[in-house]
Amino acid sequence: MNLKDIRTNYSRETLSEKSLREPFPLFEQWMEEAFESKVNEPTAMMLSTVSEAQKPSSRIVLLKLFTRMGFHFFTNYNSRKGKEIEANSHVALLFFWPELEREVRIEGVACYSSPEISDQYFSERPYESQISAIVSQQSQPIENREVLEELWKNKELSSKGTKLERPAEWGGYFVQPEKIEFWQGRPNRLHDRILFVRSEEGWVVSRLAP
Ligand SMILES: Cc1cc2nc3c(=O)[nH]c(=O)nc-3n(C[C@H](O)[C@H](O)[C@H](O)COP(=O)(O)O)c2cc1C
């Protein structure tokens, strides 16, 4: 297999900065279109963080809520990402919807979601996932799979279907965007790139060379 010969010509859509004043309506529209187009895991986004030692790392998390405040995901605050966010709250998010030939890049600051938002989302998760969030010390080494399954079974037995409380170390972050870039694939690699940068006066829109 020659990777150099793999080439996709992008020609589905165009993207113009004309009539675009701010990024949220466009993001909402693109998310809806990703959902309607049956994109696999449309809410999956890559979250990149930077450690105290200035080393970047990335992983996928799921977008669960977005408002003008920002983009919310839920995780374990003691995980590797949680520790890196504590040391450096500047993060990047990336969506790639290949079926729509689209990419969205977001850069901003990660803040803790309110306990109310975290409690609400925790309570909406399936019971089995709540147990997993309670027993999994995310990102910590574990001896083997059996240990984890044993913890899960014990918690299920001891809780007997009673309401589970959200653990203090599990909850949401929201990323307050400073920059949002929308990328639409176009023929001959002359892609459309529209960048929004937050300023004191509002969003500044520009077009970037592909
Ligand atoms: C499709 C998909 C969705 C995921 N969603 C989440 C999520 O919403 N929250 C989360 O903590 N981990 C999620 N993960 C797991 C993370 O990618 C990662 O393994 C985990 O958060 C530990 O990362 P860390 O050790 O860098 O903190 C998801 C993974 C995949 C592939």
# chains A, B, ... in the order shown; residues from 1 in each chain; ligands from 1

$ residues_around --residues "Trp183 (chain A)" --least-positions-apart "2" --cutoff "12 Å" --atoms "only C-alpha atoms" --output "JSON, numbers by chain"
{"A": [10, 13, 14, 15, 16, 17, 26, 27, 30, 94, 95, 96, 97, 98, 100, 101, 102, 103, 104, 105, 106, 180, 181, 185, 186, 189, 190, 191, 192, 193, 194, 195, 196, 207, 208, 209, 210]}

$ residues_near_ligand --ligand "ligand 1" --cutoff "9 Å" --atoms "only C-alpha atoms and all ligand atoms" --output "number ranges by chain"
A: 41, 43-49, 57-64, 73-84, 138-140, 170

$ write_last_selection --atoms "C-alpha atoms" --output "PDB file, in the first residue's frame"
ATOM      1  CA  GLU A  41     -19.682   9.786  16.566  1.00  0.00           C
ATOM      2  CA  THR A  43     -19.771  14.723  18.970  1.00  0.00           C
ATOM      3  CA  ALA A  44     -16.349  13.070  19.301  1.00  0.00           C
ATOM      4  CA  MET A  45     -13.635  15.703  19.533  1.00  0.00           C
ATOM      5  CA  MET A  46      -9.925  15.543  20.077  1.00  0.00           C
ATOM      6  CA  LEU A  47      -8.865  17.348  23.235  1.00  0.00           C
ATOM      7  CA  SER A  48      -5.235  18.423  23.385  1.00  0.00           C
ATOM      8  CA  THR A  49      -3.603  19.530  26.598  1.00  0.00           C
ATOM      9  CA  SER A  57      -1.028  15.057  24.576  1.00  0.00           C
ATOM     10  CA  SER A  58      -4.329  14.344  22.835  1.00  0.00           C
ATOM     11  CA  ARG A  59      -7.309  12.083  23.346  1.00  0.00           C
ATOM     12  CA  ILE A  60     -10.949  11.866  22.226  1.00  0.00           C
ATOM     13  CA  VAL A  61     -13.761  13.060  24.493  1.00  0.00           C
ATOM     14  CA  LEU A  62     -17.448  13.608  23.726  1.00  0.00           C
ATOM     15  CA  LEU A  63     -19.044  17.028  23.484  1.00  0.00           C
ATOM     16  CA  LYS A  64     -22.139  16.860  25.696  1.00  0.00           C
ATOM     17  CA  PHE A  73     -17.206  17.483  28.180  1.00  0.00           C
ATOM     18  CA  PHE A  74     -17.155  15.192  31.213  1.00  0.00           C
ATOM     19  CA  THR A  75     -14.273  13.274  32.663  1.00  0.00           C
ATOM     20  CA  ASN A  76     -12.274  12.422  35.763  1.00  0.00           C
ATOM     21  CA  TYR A  77     -10.561  15.486  37.256  1.00  0.00           C
ATOM     22  CA  ASN A  78      -7.652  13.299  38.485  1.00  0.00           C
ATOM     23  CA  SER A  79      -6.987  11.837  35.045  1.00  0.00           C
ATOM     24  CA  ARG A  80      -3.924  12.778  33.048  1.00  0.00           C
ATOM     25  CA  LYS A  81      -5.931  15.398  31.132  1.00  0.00           C
ATOM     26  CA  GLY A  82      -7.323  16.734  34.425  1.00  0.00           C
ATOM     27  CA  LYS A  83      -3.848  17.153  35.879  1.00  0.00           C
ATOM     28  CA  GLU A  84      -2.591  18.807  32.717  1.00  0.00           C
ATOM     29  CA  GLN A 138      -9.024   7.085  35.253  1.00  0.00           C
ATOM     30  CA  SER A 139      -5.437   7.083  33.901  1.00  0.00           C
ATOM     31  CA  GLN A 140      -4.039   5.156  36.893  1.00  0.00           C
ATOM     32  CA  TRP A 170     -15.747  13.264  38.227  1.00  0.00           C
TER      33      TRP A 170
END

$ residues_around --residues "Ile117 (chain A)" --least-positions-apart "3" --cutoff "10 Å" --atoms "only C-alpha atoms" --output "PyMOL selection string"
chain A and resi 65+72+112-114+120-123+171-173

$ closest_residue --among "A:Tyr127, A:Phe174, A:Phe182, A:Phe24" --to "Thr162 (chain A)" --atoms "only C-alpha atoms"
A:Tyr127

$ select_by_dssp --residues "region 2-208 of chain A" --states "strand (DSSP E or B)" --output "ChimeraX atom specification"
/A:44-50,56-62,65-66,71-76,90-97,102-112,170-184,192-199,202-207

$ write_last_selection --atoms "C-alpha atoms" --output "PDB file, in the first residue's frame"
ATOM      1  CA  ALA A  44     -16.349  13.070  19.301  1.00  0.00           C
ATOM      2  CA  MET A  45     -13.635  15.703  19.533  1.00  0.00           C
ATOM      3  CA  MET A  46      -9.925  15.543  20.077  1.00  0.00           C
ATOM      4  CA  LEU A  47      -8.865  17.348  23.235  1.00  0.00           C
ATOM      5  CA  SER A  48      -5.235  18.423  23.385  1.00  0.00           C
ATOM      6  CA  THR A  49      -3.603  19.530  26.598  1.00  0.00           C
ATOM      7  CA  VAL A  50      -0.056  20.539  27.487  1.00  0.00           C
ATOM      8  CA  PRO A  56       1.356  18.008  24.449  1.00  0.00           C
ATOM      9  CA  SER A  57      -1.028  15.057  24.576  1.00  0.00           C
ATOM     10  CA  SER A  58      -4.329  14.344  22.835  1.00  0.00           C
ATOM     11  CA  ARG A  59      -7.309  12.083  23.346  1.00  0.00           C
ATOM     12  CA  ILE A  60     -10.949  11.866  22.226  1.00  0.00           C
ATOM     13  CA  VAL A  61     -13.761  13.060  24.493  1.00  0.00           C
ATOM     14  CA  LEU A  62     -17.448  13.608  23.726  1.00  0.00           C
ATOM     15  CA  LEU A  65     -23.344  20.443  25.736  1.00  0.00           C
ATOM     16  CA  PHE A  66     -22.451  23.697  24.054  1.00  0.00           C
ATOM     17  CA  PHE A  71     -17.995  23.453  24.889  1.00  0.00           C
ATOM     18  CA  HIS A  72     -18.634  20.964  27.720  1.00  0.00           C
ATOM     19  CA  PHE A  73     -17.206  17.483  28.180  1.00  0.00           C
ATOM     20  CA  PHE A  74     -17.155  15.192  31.213  1.00  0.00           C
ATOM     21  CA  THR A  75     -14.273  13.274  32.663  1.00  0.00           C
ATOM     22  CA  ASN A  76     -12.274  12.422  35.763  1.00  0.00           C
ATOM     23  CA  HIS A  90      -5.082  26.395  27.633  1.00  0.00           C
ATOM     24  CA  VAL A  91      -6.436  23.551  25.505  1.00  0.00           C
ATOM     25  CA  ALA A  92      -7.425  22.768  21.933  1.00  0.00           C
ATOM     26  CA  LEU A  93     -10.424  20.855  20.590  1.00  0.00           C
ATOM     27  CA  LEU A  94     -10.733  19.363  17.145  1.00  0.00           C
ATOM     28  CA  PHE A  95     -13.692  17.932  15.262  1.00  0.00           C
ATOM     29  CA  PHE A  96     -13.194  16.038  12.002  1.00  0.00           C
ATOM     30  CA  TRP A  97     -16.293  15.089  10.023  1.00  0.00           C
ATOM     31  CA  ARG A 102     -15.203  19.463   7.413  1.00  0.00           C
ATOM     32  CA  GLU A 103     -12.930  20.243  10.325  1.00  0.00           C
ATOM     33  CA  VAL A 104     -13.465  22.618  13.266  1.00  0.00           C
ATOM     34  CA  ARG A 105     -10.544  23.743  15.414  1.00  0.00           C
ATOM     35  CA  ILE A 106     -11.162  25.416  18.747  1.00  0.00           C
ATOM     36  CA  GLU A 107      -8.583  26.949  21.085  1.00  0.00           C
ATOM     37  CA  GLY A 108      -9.436  28.300  24.486  1.00  0.00           C
ATOM     38  CA  VAL A 109      -9.369  27.957  28.224  1.00  0.00           C
ATOM     39  CA  ALA A 110     -10.827  24.976  30.113  1.00  0.00           C
ATOM     40  CA  CYS A 111     -12.860  25.821  33.236  1.00  0.00           C
ATOM     41  CA  TYR A 112     -14.729  23.556  35.639  1.00  0.00           C
ATOM     42  CA  TRP A 170     -15.747  13.264  38.227  1.00  0.00           C
ATOM     43  CA  GLY A 171     -17.427  16.130  36.385  1.00  0.00           C
ATOM     44  CA  GLY A 172     -17.380  18.547  33.530  1.00  0.00           C
ATOM     45  CA  TYR A 173     -15.123  21.122  31.974  1.00  0.00           C
ATOM     46  CA  PHE A 174     -16.158  23.701  29.458  1.00  0.00           C
ATOM     47  CA  VAL A 175     -13.770  25.224  26.980  1.00  0.00           C
ATOM     48  CA  GLN A 176     -14.257  28.968  26.585  1.00  0.00           C
ATOM     49  CA  PRO A 177     -13.200  29.565  22.993  1.00  0.00           C
ATOM     50  CA  GLU A 178     -10.697  32.250  22.005  1.00  0.00           C
ATOM     51  CA  LYS A 179     -10.368  31.032  18.420  1.00  0.00           C
ATOM     52  CA  ILE A 180     -12.630  28.890  16.253  1.00  0.00           C
ATOM     53  CA  GLU A 181     -11.664  27.890  12.740  1.00  0.00           C
ATOM     54  CA  PHE A 182     -14.007  26.244  10.248  1.00  0.00           C
ATOM     55  CA  TRP A 183     -12.433  24.261   7.401  1.00  0.00           C
ATOM     56  CA  GLN A 184     -14.368  23.121   4.366  1.00  0.00           C
ATOM     57  CA  ASP A 192     -11.992  27.318   2.601  1.00  0.00           C
ATOM     58  CA  ARG A 193     -10.726  28.326   6.052  1.00  0.00           C
ATOM     59  CA  ILE A 194     -12.684  30.869   8.086  1.00  0.00           C
ATOM     60  CA  LEU A 195     -11.197  31.944  11.410  1.00  0.00           C
ATOM     61  CA  PHE A 196     -13.018  33.675  14.272  1.00  0.00           C
ATOM     62  CA  VAL A 197     -10.888  35.339  16.968  1.00  0.00           C
ATOM     63  CA  ARG A 198     -12.505  36.704  20.105  1.00  0.00           C
ATOM     64  CA  SER A 199     -11.674  40.345  20.866  1.00  0.00           C
ATOM     65  CA  GLY A 202     -16.643  40.730  19.724  1.00  0.00           C
ATOM     66  CA  TRP A 203     -15.571  38.191  17.112  1.00  0.00           C
ATOM     67  CA  VAL A 204     -13.147  39.163  14.350  1.00  0.00           C
ATOM     68  CA  VAL A 205     -13.593  37.120  11.171  1.00  0.00           C
ATOM     69  CA  SER A 206     -10.877  36.417   8.632  1.00  0.00           C
ATOM     70  CA  ARG A 207     -10.071  33.979   5.834  1.00  0.00           C
TER      71      ARG A 207
END

$ atom_distance --atom1 "CA of Asp119 (chain A)" --atom2 "CA of Met69 (chain A)"
18.1 Å

$ closest_residue --among "A:Ile131, A:Pro187, A:Ile85, A:Arg12" --to "Gln54 (chain A)" --atoms "only C-alpha atoms"
A:Ile85
